[in-house]
>>> print(open('input-v6.cif').read())   # mmCIF, C-alpha atoms
data_entry
#
loop_
_atom_site.group_PDB
_atom_site.id
_atom_site.type_symbol
_atom_site.label_atom_id
_atom_site.label_comp_id
_atom_site.auth_asym_id
_atom_site.auth_seq_id
_atom_site.Cartn_x
_atom_site.Cartn_y
_atom_site.Cartn_z
ATOM 1 C CA MET A 1 -176.301 158.790 59.361
ATOM 2 C CA SER A 2 -174.968 155.316 60.169
ATOM 3 C CA TRP A 3 -173.670 154.257 56.731
ATOM 4 C CA GLN A 4 -169.947 154.903 56.272
ATOM 5 C CA ARG A 5 -168.793 155.093 52.670
ATOM 6 C CA PRO A 6 -166.125 152.443 51.972
ATOM 7 C CA ASP A 7 -163.784 154.993 50.387
ATOM 8 C CA GLY A 8 -164.412 157.743 52.942
ATOM 9 C CA ARG A 9 -166.221 160.134 50.597
ATOM 10 C CA SER A 10 -168.872 162.545 51.799
ATOM 11 C CA PRO A 11 -172.443 161.693 50.681
ATOM 12 C CA ASP A 12 -172.394 164.308 47.906
ATOM 13 C CA GLN A 13 -168.875 163.589 46.628
ATOM 14 C CA LEU A 14 -168.033 162.039 43.262
ATOM 15 C CA ARG A 15 -165.354 159.434 42.864
ATOM 16 C CA PRO A 16 -162.145 160.751 41.228
ATOM 17 C CA VAL A 17 -162.861 161.356 37.532
ATOM 18 C CA ARG A 18 -160.331 161.211 34.689
ATOM 19 C CA PHE A 19 -160.621 161.329 30.904
ATOM 20 C CA GLN A 20 -157.586 160.261 28.867
ATOM 21 C CA ARG A 21 -158.220 161.449 25.328
ATOM 22 C CA ASN A 22 -156.703 159.985 22.144
ATOM 23 C CA PHE A 23 -156.439 156.655 23.931
ATOM 24 C CA THR A 24 -156.453 154.587 20.726
ATOM 25 C CA LYS A 25 -154.903 155.346 17.360
ATOM 26 C CA TYR A 26 -157.521 154.664 14.709
ATOM 27 C CA SER A 27 -160.871 155.909 16.026
ATOM 28 C CA ALA A 28 -162.001 159.444 15.245
ATOM 29 C CA GLY A 29 -162.474 159.963 18.974
ATOM 30 C CA SER A 30 -161.263 157.794 21.835
ATOM 31 C CA VAL A 31 -161.193 158.229 25.606
ATOM 32 C CA LEU A 32 -160.327 156.110 28.607
ATOM 33 C CA ALA A 33 -162.930 157.247 31.126
ATOM 34 C CA CYS A 34 -162.264 156.476 34.788
ATOM 35 C CA CYS A 35 -164.717 157.080 37.621
ATOM 36 C CA GLY A 36 -163.073 155.686 40.710
ATOM 37 C CA ASP A 37 -162.149 152.087 39.922
ATOM 38 C CA THR A 38 -164.575 151.859 36.987
ATOM 39 C CA GLN A 39 -162.725 152.124 33.676
ATOM 40 C CA VAL A 40 -164.364 152.283 30.247
ATOM 41 C CA ILE A 41 -162.758 152.621 26.818
ATOM 42 C CA CYS A 42 -164.986 154.917 24.750
ATOM 43 C CA THR A 43 -164.426 155.101 20.987
ATOM 44 C CA VAL A 44 -166.309 156.843 18.193
ATOM 45 C CA SER A 45 -166.066 155.848 14.528
ATOM 46 C CA VAL A 46 -167.480 157.920 11.658
ATOM 47 C CA GLN A 47 -169.113 155.970 8.842
ATOM 48 C CA SER A 48 -170.546 157.204 5.549
ATOM 49 C CA GLY A 49 -174.258 156.698 5.099
ATOM 50 C CA VAL A 50 -177.169 156.052 7.415
ATOM 51 C CA PRO A 51 -179.652 153.216 8.038
ATOM 52 C CA ARG A 52 -182.008 152.568 5.128
ATOM 53 C CA TRP A 53 -184.943 154.138 6.936
ATOM 54 C CA LEU A 54 -183.016 157.445 7.031
ATOM 55 C CA ALA A 55 -181.737 157.325 3.435
ATOM 56 C CA ASP A 56 -182.077 160.624 1.545
ATOM 57 C CA SER A 57 -183.289 162.383 4.692
ATOM 58 C CA GLY A 58 -180.227 164.612 4.897
ATOM 59 C CA GLN A 59 -179.843 163.623 8.541
ATOM 60 C CA GLY A 60 -177.264 161.539 10.335
ATOM 61 C CA TRP A 61 -177.522 158.827 12.949
ATOM 62 C CA LEU A 62 -175.778 157.687 16.116
ATOM 63 C CA THR A 63 -175.712 154.144 17.428
ATOM 64 C CA ALA A 64 -173.953 152.541 20.389
ATOM 65 C CA GLU A 65 -172.584 149.187 21.488
ATOM 66 C CA TYR A 66 -171.616 148.230 25.052
ATOM 67 C CA ARG A 67 -169.627 145.252 26.253
ATOM 68 C CA MET A 68 -168.138 144.086 29.520
ATOM 69 C CA MET A 69 -164.642 142.664 29.043
ATOM 70 C CA PRO A 70 -164.183 139.152 30.516
ATOM 71 C CA GLY A 71 -161.757 140.358 33.193
ATOM 72 C CA ALA A 72 -163.758 143.419 34.229
ATOM 73 C CA THR A 73 -165.145 141.752 37.364
ATOM 74 C CA PRO A 74 -163.601 139.466 40.032
ATOM 75 C CA ASP A 75 -165.129 136.397 38.393
ATOM 76 C CA ARG A 76 -164.411 136.129 34.674
ATOM 77 C CA GLN A 77 -167.458 136.610 32.467
ATOM 78 C CA SER A 78 -167.749 134.901 29.091
ATOM 79 C CA ARG A 79 -167.748 137.189 26.073
ATOM 80 C CA GLU A 80 -171.154 138.001 24.638
ATOM 81 C CA THR A 81 -170.939 137.114 20.971
ATOM 82 C CA PHE A 82 -173.962 135.682 19.193
ATOM 83 C CA LYS A 83 -176.549 136.497 21.851
ATOM 84 C CA LEU A 84 -176.514 139.659 23.965
ATOM 85 C CA SER A 85 -177.942 139.651 27.465
ATOM 86 C CA GLY A 86 -180.955 141.809 28.199
ATOM 87 C CA ARG A 87 -178.751 143.989 30.415
ATOM 88 C CA THR A 88 -176.251 144.647 27.607
ATOM 89 C CA GLN A 89 -179.000 145.498 25.125
ATOM 90 C CA GLU A 90 -180.675 147.853 27.588
ATOM 91 C CA ILE A 91 -177.430 149.667 28.423
ATOM 92 C CA GLN A 92 -176.308 150.182 24.851
ATOM 93 C CA ARG A 93 -179.730 151.555 23.933
ATOM 94 C CA LEU A 94 -179.476 153.943 26.880
ATOM 95 C CA ILE A 95 -176.048 155.128 25.711
ATOM 96 C CA GLY A 96 -177.368 155.673 22.188
ATOM 97 C CA ARG A 97 -180.443 157.597 23.337
ATOM 98 C CA SER A 98 -178.395 159.739 25.691
ATOM 99 C CA LEU A 99 -175.769 160.724 23.134
ATOM 100 C CA ARG A 100 -178.271 161.362 20.343
ATOM 101 C CA ALA A 101 -179.609 164.084 22.630
ATOM 102 C CA ALA A 102 -176.199 165.767 22.418
ATOM 103 C CA VAL A 103 -175.967 165.912 18.618
ATOM 104 C CA ASP A 104 -177.696 167.918 15.900
ATOM 105 C CA LEU A 105 -178.253 164.928 13.638
ATOM 106 C CA ARG A 106 -179.369 167.101 10.726
ATOM 107 C CA GLY A 107 -176.185 169.125 11.025
ATOM 108 C CA LEU A 108 -174.207 165.873 10.886
ATOM 109 C CA GLY A 109 -175.291 165.099 7.326
ATOM 110 C CA GLU A 110 -175.776 161.534 6.158
ATOM 111 C CA ARG A 111 -173.134 160.001 8.404
ATOM 112 C CA THR A 112 -173.363 157.445 11.189
ATOM 113 C CA LEU A 113 -171.491 157.841 14.443
ATOM 114 C CA ALA A 114 -170.746 154.387 15.883
ATOM 115 C CA ILE A 115 -170.100 154.504 19.626
ATOM 116 C CA ASP A 116 -168.322 151.639 21.391
ATOM 117 C CA ALA A 117 -168.137 151.462 25.186
ATOM 118 C CA ASP A 118 -165.982 148.609 26.465
ATOM 119 C CA VAL A 119 -165.728 148.146 30.224
ATOM 120 C CA LEU A 120 -162.188 147.258 31.294
ATOM 121 C CA GLN A 121 -162.917 147.310 35.020
ATOM 122 C CA ALA A 122 -166.282 147.464 36.771
ATOM 123 C CA ASP A 123 -166.882 148.939 40.203
ATOM 124 C CA ALA A 124 -170.510 150.001 39.551
ATOM 125 C CA GLY A 125 -171.595 152.954 37.422
ATOM 126 C CA THR A 126 -170.409 151.433 34.149
ATOM 127 C CA ARG A 127 -173.321 152.799 32.122
ATOM 128 C CA THR A 128 -173.030 156.289 33.588
ATOM 129 C CA THR A 129 -169.250 156.323 33.106
ATOM 130 C CA ALA A 130 -169.760 155.147 29.522
ATOM 131 C CA ILE A 131 -172.211 157.960 28.739
ATOM 132 C CA THR A 132 -170.036 160.622 30.356
ATOM 133 C CA GLY A 133 -166.824 159.408 28.707
ATOM 134 C CA CYS A 134 -168.379 158.753 25.309
ATOM 135 C CA TYR A 135 -169.530 162.377 25.178
ATOM 136 C CA VAL A 136 -165.882 163.497 25.338
ATOM 137 C CA ALA A 137 -164.911 161.027 22.608
ATOM 138 C CA LEU A 138 -167.903 162.189 20.553
ATOM 139 C CA VAL A 139 -166.816 165.834 20.663
ATOM 140 C CA ASP A 140 -163.284 164.863 19.608
ATOM 141 C CA ALA A 141 -164.659 162.839 16.679
ATOM 142 C CA LEU A 142 -166.835 165.717 15.492
ATOM 143 C CA GLN A 143 -163.977 168.188 15.935
ATOM 144 C CA SER A 144 -161.915 166.031 13.595
ATOM 145 C CA LEU A 145 -164.632 166.391 10.921
ATOM 146 C CA VAL A 146 -164.623 170.153 11.368
ATOM 147 C CA ALA A 147 -160.811 170.254 11.174
ATOM 148 C CA ALA A 148 -160.912 168.217 7.953
ATOM 149 C CA GLY A 149 -163.410 170.645 6.413
ATOM 150 C CA GLU A 150 -166.135 168.000 6.224
ATOM 151 C CA LEU A 151 -168.385 169.955 8.590
ATOM 152 C CA ALA A 152 -168.646 173.733 8.762
ATOM 153 C CA THR A 153 -169.626 173.846 12.416
ATOM 154 C CA LEU A 154 -169.607 171.496 15.377
ATOM 155 C CA PRO A 155 -173.055 169.824 15.517
ATOM 156 C CA ILE A 156 -173.268 169.637 19.296
ATOM 157 C CA LEU A 157 -176.515 170.734 20.941
ATOM 158 C CA SER A 158 -175.499 170.368 24.579
ATOM 159 C CA PRO A 159 -173.141 168.473 26.852
ATOM 160 C CA VAL A 160 -174.508 165.225 28.247
ATOM 161 C CA ALA A 161 -173.387 163.365 31.366
ATOM 162 C CA ALA A 162 -174.767 160.743 33.735
ATOM 163 C CA VAL A 163 -174.359 159.640 37.329
ATOM 164 C CA SER A 164 -175.810 157.189 39.819
ATOM 165 C CA VAL A 165 -177.464 158.115 43.104
ATOM 166 C CA GLY A 166 -179.035 155.979 45.788
ATOM 167 C CA LEU A 167 -180.653 155.692 49.179
ATOM 168 C CA ILE A 168 -178.769 153.700 51.786
ATOM 169 C CA GLU A 169 -180.356 153.407 55.219
ATOM 170 C CA GLY A 170 -182.632 156.331 54.317
ATOM 171 C CA SER A 171 -179.910 158.782 53.249
ATOM 172 C CA ALA A 172 -178.981 159.928 49.735
ATOM 173 C CA TYR A 173 -175.554 159.210 48.253
ATOM 174 C CA LEU A 174 -173.907 160.281 44.995
ATOM 175 C CA ASP A 175 -171.973 158.092 42.564
ATOM 176 C CA LEU A 176 -172.291 154.656 44.130
ATOM 177 C CA ASN A 177 -169.439 152.180 44.000
ATOM 178 C CA TYR A 178 -170.060 148.432 44.045
ATOM 179 C CA PRO A 179 -170.463 147.859 47.815
ATOM 180 C CA GLU A 180 -172.866 150.818 47.936
ATOM 181 C CA ASP A 181 -174.774 149.655 44.879
ATOM 182 C CA VAL A 182 -175.313 146.289 46.581
ATOM 183 C CA ALA A 183 -176.355 147.935 49.868
ATOM 184 C CA ALA A 184 -178.699 150.538 48.336
ATOM 185 C CA ASP A 185 -182.415 150.279 49.060
ATOM 186 C CA VAL A 186 -183.093 152.578 46.099
ATOM 187 C CA ASP A 187 -180.785 153.287 43.175
ATOM 188 C CA PHE A 188 -181.083 155.616 40.212
ATOM 189 C CA ASN A 189 -179.176 156.344 37.027
ATOM 190 C CA VAL A 190 -179.743 159.913 35.883
ATOM 191 C CA VAL A 191 -178.784 161.450 32.517
ATOM 192 C CA MET A 192 -178.948 165.228 32.013
ATOM 193 C CA ASN A 193 -177.921 167.852 29.476
ATOM 194 C CA GLY A 194 -176.094 171.126 29.964
ATOM 195 C CA GLU A 195 -179.320 173.037 30.560
ATOM 196 C CA GLY A 196 -180.076 170.872 33.564
ATOM 197 C CA ASN A 197 -182.888 169.080 31.745
ATOM 198 C CA LEU A 198 -183.437 165.367 32.215
ATOM 199 C CA ILE A 199 -182.776 162.966 29.352
ATOM 200 C CA GLU A 200 -183.429 159.758 31.237
ATOM 201 C CA VAL A 201 -184.099 158.629 34.796
ATOM 202 C CA GLN A 202 -183.873 154.943 35.704
ATOM 203 C CA GLY A 203 -184.929 154.352 39.297
ATOM 204 C CA THR A 204 -185.865 151.290 41.305
ATOM 205 C CA ALA A 205 -186.668 150.504 44.902
ATOM 206 C CA GLU A 206 -184.735 147.318 45.549
ATOM 207 C CA SER A 207 -186.594 146.941 48.845
ATOM 208 C CA GLY A 208 -189.587 148.848 50.181
ATOM 209 C CA SER A 209 -190.433 152.148 48.518
ATOM 210 C CA TYR A 210 -189.383 155.799 48.469
ATOM 211 C CA SER A 211 -191.184 159.102 48.895
ATOM 212 C CA ARG A 212 -191.555 162.035 46.539
ATOM 213 C CA SER A 213 -189.317 164.115 48.807
ATOM 214 C CA GLN A 214 -186.627 161.417 48.672
ATOM 215 C CA LEU A 215 -186.927 161.338 44.879
ATOM 216 C CA ASN A 216 -186.434 165.111 44.770
ATOM 217 C CA ALA A 217 -183.378 164.811 47.034
ATOM 218 C CA LEU A 218 -181.875 162.163 44.751
ATOM 219 C CA LEU A 219 -182.463 164.261 41.631
ATOM 220 C CA ASP A 220 -180.943 167.331 43.305
ATOM 221 C CA LEU A 221 -177.889 165.282 44.229
ATOM 222 C CA ALA A 222 -177.624 163.902 40.687
ATOM 223 C CA GLU A 223 -177.854 167.422 39.241
ATOM 224 C CA LYS A 224 -174.985 168.551 41.469
ATOM 225 C CA GLY A 225 -172.833 165.599 40.457
ATOM 226 C CA ILE A 226 -173.602 165.959 36.755
ATOM 227 C CA GLY A 227 -172.637 169.632 36.890
ATOM 228 C CA GLU A 228 -169.254 168.597 38.275
ATOM 229 C CA LEU A 229 -168.884 165.884 35.633
ATOM 230 C CA MET A 230 -169.621 168.395 32.875
ATOM 231 C CA ALA A 231 -166.961 170.706 34.293
ATOM 232 C CA ALA A 232 -164.518 167.766 34.130
ATOM 233 C CA GLN A 233 -165.572 167.037 30.537
ATOM 234 C CA ALA A 234 -165.015 170.660 29.553
ATOM 235 C CA ALA A 235 -161.614 170.743 31.254
ATOM 236 C CA ALA A 236 -160.550 167.568 29.445
ATOM 237 C CA LEU A 237 -161.695 168.927 26.072
ATOM 238 C CA THR A 238 -159.719 172.151 26.518
ATOM 239 C CA ASP A 239 -156.555 170.326 27.586
ATOM 240 C CA SER A 240 -154.181 170.697 24.652
ATOM 241 C CA ASN A 241 -152.257 167.635 25.819
ATOM 242 C CA GLY A 242 -155.362 165.505 25.291
#
>>> encode(input="input-v6.cif", output="structure tokens")
Amino acid sequence: MSWQRPDGRSPDQLRPVRFQRNFTKYSAGSVLACCGDTQVICTVSVQSGVPRWLADSGQGWLTAEYRMMPGATPDRQSRETFKLSGRTQEIQRLIGRSLRAAVDLRGLGERTLAIDADVLQADAGTRTTAITGCYVALVDALQSLVAAGELATLPILSPVAAVSVGLIEGSAYLDLNYPEDVAADVDFNVVMNGEGNLIEVQGTAESGSYSRSQLNALLDLAEKGIGELMAAQAAALTDSNG
């Protein structure tokens, strides 16, 4: 194994993970999610009503927006205002799909959960950090509805978390940072639920190809990492200090 990880981690080791709950004052749920040097503010707002196509269905909805702050990368990026890039649209749809898998939308009633993921600092893995952190903010937002007597029970089906994995010089690595993401011959983003079932797998060979056995190794590594992320989510949610 010739590749040396820039931060000295072992191949199957996550970056340090931290969730700072109640990060903002006004959102129903808010978390600063940090995975290594990647930092994402995750907020959840609860709105009455649902899109017109769900009116009178008795079911709720969840939608997500994702933005990269101008100073999140070494070179300032202009704010996306009137026209979103294809990358931004794809990521926010991924976040929405992933978190809808966590929620019993019928148990939510005719409410909309609006997720916002704003990247303060990017060192790769922004979409996976957003999904993992937004789940914590989502649970806090729904707990606030239960505490207020607006919901009888917490409409959570399963935890959801996400992580990146990749092949560098033929070997599998967990939770890639930016230098590794650039160097990877193959990189994947994997989203799973608490039962170990896959919600989404995004995988690309940046150069060459990969075998079925390498794919299995990457998914096994992602499953290990996601299990650890879910343990961190659970620990954060049971921390009375928030």
>>> closest_residue(input="input-v6.cif", among="A:Ala55, A:Leu62, A:Val44, A:Val50", to="A:Gln143", atoms="all atoms listed in the file")
A:Val44
>>> residues_around(input="input-v6.cif", residues="A:Pro16", least_positions_apart="5", cutoff="10 Å", atoms="all atoms listed in the file", output="list in words")
Cys34, Cys35, Gly36 and Asp37 of chain A
>>> closest_residue(input="input-v6.cif", among="A:Leu145, A:Ile115, A:Val139, A:Ala231", to="A:Leu94", atoms="only C-alpha atoms")
A:Ile115
>>> resolve_selection(input="input-v6.cif", expression="the PyMOL selection byres ((chain A and resi 112) around 9)", output="list of chain:residue names")
A:Ser45, A:Val46, A:Gln47, A:Ser48, A:Gly49, A:Val50, A:Pro51, A:Gly60, A:Trp61, A:Leu62, A:Thr63, A:Leu108, A:Gly109, A:Glu110, A:Arg111, A:Leu113, A:Ala114
>>> resolve_selection(input="input-v6.cif", expression="the PyMOL selection byres ((chain A and resi 220-226) around 8)", output="PDB file with C-alpha atoms, in the frame of the given file")
ATOM      1  CA  ASP A  12    -172.394 164.308  47.906  1.00  0.00           C
ATOM      2  CA  GLN A  13    -168.875 163.589  46.628  1.00  0.00           C
ATOM      3  CA  LEU A  14    -168.033 162.039  43.262  1.00  0.00           C
ATOM      4  CA  ALA A 161    -173.387 163.365  31.366  1.00  0.00           C
ATOM      5  CA  ALA A 162    -174.767 160.743  33.735  1.00  0.00           C
ATOM      6  CA  VAL A 163    -174.359 159.640  37.329  1.00  0.00           C
ATOM      7  CA  SER A 164    -175.810 157.189  39.819  1.00  0.00           C
ATOM      8  CA  VAL A 165    -177.464 158.115  43.104  1.00  0.00           C
ATOM      9  CA  ALA A 172    -178.981 159.928  49.735  1.00  0.00           C
ATOM     10  CA  TYR A 173    -175.554 159.210  48.253  1.00  0.00           C
ATOM     11  CA  LEU A 174    -173.907 160.281  44.995  1.00  0.00           C
ATOM     12  CA  ASP A 175    -171.973 158.092  42.564  1.00  0.00           C
ATOM     13  CA  VAL A 190    -179.743 159.913  35.883  1.00  0.00           C
ATOM     14  CA  MET A 192    -178.948 165.228  32.013  1.00  0.00           C
ATOM     15  CA  GLY A 196    -180.076 170.872  33.564  1.00  0.00           C
ATOM     16  CA  ASN A 216    -186.434 165.111  44.770  1.00  0.00           C
ATOM     17  CA  ALA A 217    -183.378 164.811  47.034  1.00  0.00           C
ATOM     18  CA  LEU A 218    -181.875 162.163  44.751  1.00  0.00           C
ATOM     19  CA  LEU A 219    -182.463 164.261  41.631  1.00  0.00           C
ATOM     20  CA  GLY A 227    -172.637 169.632  36.890  1.00  0.00           C
ATOM     21  CA  GLU A 228    -169.254 168.597  38.275  1.00  0.00           C
ATOM     22  CA  LEU A 229    -168.884 165.884  35.633  1.00  0.00           C
ATOM     23  CA  MET A 230    -169.621 168.395  32.875  1.00  0.00           C
TER      24      MET A 230
END
>>> atom_distance(input="input-v6.cif", atom1="atom CA of A:Gln77", atom2="atom CA of A:Asn22")
27.7 Å
